[in-house]
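Please read the structure below before turning to the comments.
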Amino acid sequence: MSNVTPLSSGSLNGQTLTIELVESGNDLPNAVVVKWPAKPTITSPAAFDKVVADAMKVLSNAVVELAAIRVWKRL
């Protein structure tokens, strides 16, 4: 049975970007799963910088969270 730990999640133009750590608990290696929105994220050129900033915030938060887990769990 796999153990799933949410690392980060956030909204991109009303859709959700989610990043999770999946610890398989068997001989398979652990994995980071990035769940991108199912639909394309469409934005105007004027608002594109906000969409990119929102995506980078979710990704960077996941990196920080994974680093903290690595310290405590020694992944």
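Letters A, B, ... mark the chains of the structure tokens in the order given; residue numbers begin at 1 per chain; ligand numbers begin at 1, in order shown.
Residues within 12 Å of Val51 in chain A, counting only C-alpha atoms and excluding same-chain residues fewer than 6 positions away, are Gly10, Ser11, Leu12, Asn13, Gly14, Gln15, Thr16, Leu17, Thr41, Ile42, Thr43, Ser44, Pro45, Lys57 and Val58 of chain A.
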Generate a file of the selected residues that holds all heavy atoms, formatted as an mmCIF file, in the first residue's frame.
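What follows is the written file result15.cif:
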data_model
loop_
_atom_site.group_PDB
_atom_site.id
_atom_site.type_symbol
_atom_site.label_atom_id
_atom_site.label_comp_id
_atom_site.auth_asym_id
_atom_site.auth_seq_id
_atom_site.Cartn_x
_atom_site.Cartn_y
_atom_site.Cartn_z
ATOM 1 N N GLY A 10 -1.980 24.367 -5.562
ATOM 2 C CA GLY A 10 -2.376 25.753 -5.774
ATOM 3 C C GLY A 10 -3.197 25.917 -7.033
ATOM 4 O O GLY A 10 -3.274 25.019 -7.870
ATOM 5 N N SER A 11 -3.791 27.079 -7.153
ATOM 6 C CA SER A 11 -4.676 27.376 -8.258
ATOM 7 C C SER A 11 -3.936 28.055 -9.404
ATOM 8 O O SER A 11 -3.118 28.951 -9.188
ATOM 9 C CB SER A 11 -5.805 28.282 -7.772
ATOM 10 O OG SER A 11 -6.657 28.627 -8.825
ATOM 11 N N LEU A 12 -4.230 27.598 -10.618
ATOM 12 C CA LEU A 12 -3.730 28.226 -11.838
ATOM 13 C C LEU A 12 -4.942 28.574 -12.687
ATOM 14 O O LEU A 12 -5.550 27.699 -13.291
ATOM 15 C CB LEU A 12 -2.835 27.279 -12.636
ATOM 16 C CG LEU A 12 -1.534 26.826 -12.017
ATOM 17 C CD1 LEU A 12 -0.817 25.872 -12.960
ATOM 18 C CD2 LEU A 12 -0.655 28.002 -11.714
ATOM 19 N N ASN A 13 -5.330 29.819 -12.678
ATOM 20 C CA ASN A 13 -6.488 30.264 -13.469
ATOM 21 C C ASN A 13 -7.738 29.440 -13.168
ATOM 22 O O ASN A 13 -8.460 29.024 -14.069
ATOM 23 C CB ASN A 13 -6.181 30.202 -14.959
ATOM 24 C CG ASN A 13 -5.898 31.556 -15.542
ATOM 25 O OD1 ASN A 13 -5.751 32.533 -14.821
ATOM 26 N ND2 ASN A 13 -5.813 31.616 -16.845
ATOM 27 N N GLY A 14 -7.985 29.154 -11.901
ATOM 28 C CA GLY A 14 -9.169 28.403 -11.509
ATOM 29 C C GLY A 14 -9.024 26.895 -11.566
ATOM 30 O O GLY A 14 -9.967 26.173 -11.270
ATOM 31 N N GLN A 15 -7.868 26.376 -11.959
ATOM 32 C CA GLN A 15 -7.606 24.946 -11.970
ATOM 33 C C GLN A 15 -6.528 24.644 -10.930
ATOM 34 O O GLN A 15 -5.792 25.524 -10.529
ATOM 35 C CB GLN A 15 -7.138 24.501 -13.352
ATOM 36 C CG GLN A 15 -8.158 24.764 -14.441
ATOM 37 C CD GLN A 15 -7.644 24.295 -15.772
ATOM 38 O OE1 GLN A 15 -7.460 23.103 -15.973
ATOM 39 N NE2 GLN A 15 -7.396 25.226 -16.665
ATOM 40 N N THR A 16 -6.431 23.386 -10.512
ATOM 41 C CA THR A 16 -5.516 23.034 -9.432
ATOM 42 C C THR A 16 -4.290 22.286 -9.940
ATOM 43 O O THR A 16 -4.410 21.324 -10.698
ATOM 44 C CB THR A 16 -6.243 22.169 -8.383
ATOM 45 O OG1 THR A 16 -7.368 22.902 -7.903
ATOM 46 C CG2 THR A 16 -5.339 21.853 -7.208
ATOM 47 N N LEU A 17 -3.127 22.741 -9.486
ATOM 48 C CA LEU A 17 -1.854 22.056 -9.700
ATOM 49 C C LEU A 17 -1.478 21.432 -8.365
ATOM 50 O O LEU A 17 -1.421 22.130 -7.351
ATOM 51 C CB LEU A 17 -0.782 23.051 -10.151
ATOM 52 C CG LEU A 17 0.665 22.566 -10.205
ATOM 53 C CD1 LEU A 17 0.817 21.409 -11.187
ATOM 54 C CD2 LEU A 17 1.586 23.707 -10.595
ATOM 55 N N THR A 41 -4.358 25.764 -19.509
ATOM 56 C CA THR A 41 -4.508 27.029 -18.803
ATOM 57 C C THR A 41 -4.366 28.143 -19.830
ATOM 58 O O THR A 41 -3.299 28.342 -20.392
ATOM 59 C CB THR A 41 -3.442 27.165 -17.700
ATOM 60 O OG1 THR A 41 -3.601 26.075 -16.797
ATOM 61 C CG2 THR A 41 -3.586 28.463 -16.955
ATOM 62 N N ILE A 42 -5.452 28.841 -20.067
ATOM 63 C CA ILE A 42 -5.469 29.902 -21.069
ATOM 64 C C ILE A 42 -5.516 31.243 -20.350
ATOM 65 O O ILE A 42 -6.320 31.446 -19.441
ATOM 66 C CB ILE A 42 -6.676 29.746 -22.013
ATOM 67 C CG1 ILE A 42 -6.574 28.397 -22.732
ATOM 68 C CG2 ILE A 42 -6.750 30.908 -23.002
ATOM 69 C CD1 ILE A 42 -7.786 28.024 -23.530
ATOM 70 N N THR A 43 -4.643 32.135 -20.760
ATOM 71 C CA THR A 43 -4.573 33.448 -20.131
ATOM 72 C C THR A 43 -4.184 34.498 -21.166
ATOM 73 O O THR A 43 -3.654 34.157 -22.226
ATOM 74 C CB THR A 43 -3.566 33.438 -18.962
ATOM 75 O OG1 THR A 43 -3.643 34.661 -18.267
ATOM 76 C CG2 THR A 43 -2.159 33.189 -19.430
ATOM 77 N N SER A 44 -4.430 35.724 -20.829
ATOM 78 C CA SER A 44 -4.030 36.810 -21.730
ATOM 79 C C SER A 44 -2.537 37.077 -21.561
ATOM 80 O O SER A 44 -1.957 36.741 -20.521
ATOM 81 C CB SER A 44 -4.814 38.077 -21.400
ATOM 82 O OG SER A 44 -4.401 38.580 -20.146
ATOM 83 N N PRO A 45 -1.913 37.677 -22.546
ATOM 84 C CA PRO A 45 -0.498 38.029 -22.400
ATOM 85 C C PRO A 45 -0.258 38.938 -21.193
ATOM 86 O O PRO A 45 0.769 38.814 -20.521
ATOM 87 C CB PRO A 45 -0.164 38.743 -23.708
ATOM 88 C CG PRO A 45 -1.111 38.171 -24.705
ATOM 89 C CD PRO A 45 -2.388 37.941 -23.929
ATOM 90 N N LYS A 57 5.328 29.235 -7.590
ATOM 91 C CA LYS A 57 5.096 29.220 -6.143
ATOM 92 C C LYS A 57 4.735 27.812 -5.680
ATOM 93 O O LYS A 57 5.269 27.318 -4.683
ATOM 94 C CB LYS A 57 3.983 30.203 -5.779
ATOM 95 C CG LYS A 57 3.688 30.279 -4.315
ATOM 96 C CD LYS A 57 2.608 31.315 -4.029
ATOM 97 C CE LYS A 57 2.265 31.337 -2.557
ATOM 98 N NZ LYS A 57 1.173 32.276 -2.279
ATOM 99 N N VAL A 58 3.839 27.143 -6.422
ATOM 100 C CA VAL A 58 3.456 25.773 -6.068
ATOM 101 C C VAL A 58 4.664 24.845 -6.166
ATOM 102 O O VAL A 58 4.926 24.047 -5.254
ATOM 103 C CB VAL A 58 2.309 25.271 -6.979
ATOM 104 C CG1 VAL A 58 2.024 23.795 -6.738
ATOM 105 C CG2 VAL A 58 1.047 26.097 -6.755
#
For this session: Quick one: everything within 9 Å of Gly25 in chain A, counting only C-alpha atoms, minus sequence neighbours fewer than 3 positions away in the same chain. Send it as a count of residues only.
Result: 6
Problem set entry | One-decimal distance in Å that lies between CA of Glu23 in chain A and CA of Pro37 in chain A |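 A separation of 22.6 Å between them.
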Problem set entry | Picked from chain A by DSSP as strand (DSSP E), as a list in words | Asn3, Val4, Thr5, Pro6, Leu7, Ser8, Ser9, Gly10, Ser11, Leu12, Gln15, Thr16, Leu17, Thr18, Ile19, Glu20, Leu21, Val22, Glu23, Ala31, Val32, Val33, Val34 and Lys35 of chain A
For this session: Check the DSSP output for the backbone and give back, as a VMD selection string, the residues of chain A in helix (DSSP H, G or I).
Result: chain A and resid 48 to 73
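CA of Val63 in chain A lies 23.9 Å from CA of Asn26 in chain A.
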For this session: Provide the CA of Lys39 in chain A to CA of Leu66 in chain A distance in Å, to one decimal place.
Result: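 Atom-to-atom, CA of Lys39 in chain A to CA of Leu66 in chain A, that is 26.6 Å.
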Exercise. Taking into account only C-alpha atoms, which residue in the set A:Leu7, A:Ile19, A:Asn61, A:Ala46 is nearest to Val33 in chain A?
Worked result: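 For Val33 in chain A, the nearest of the given residues is A:Ile19.
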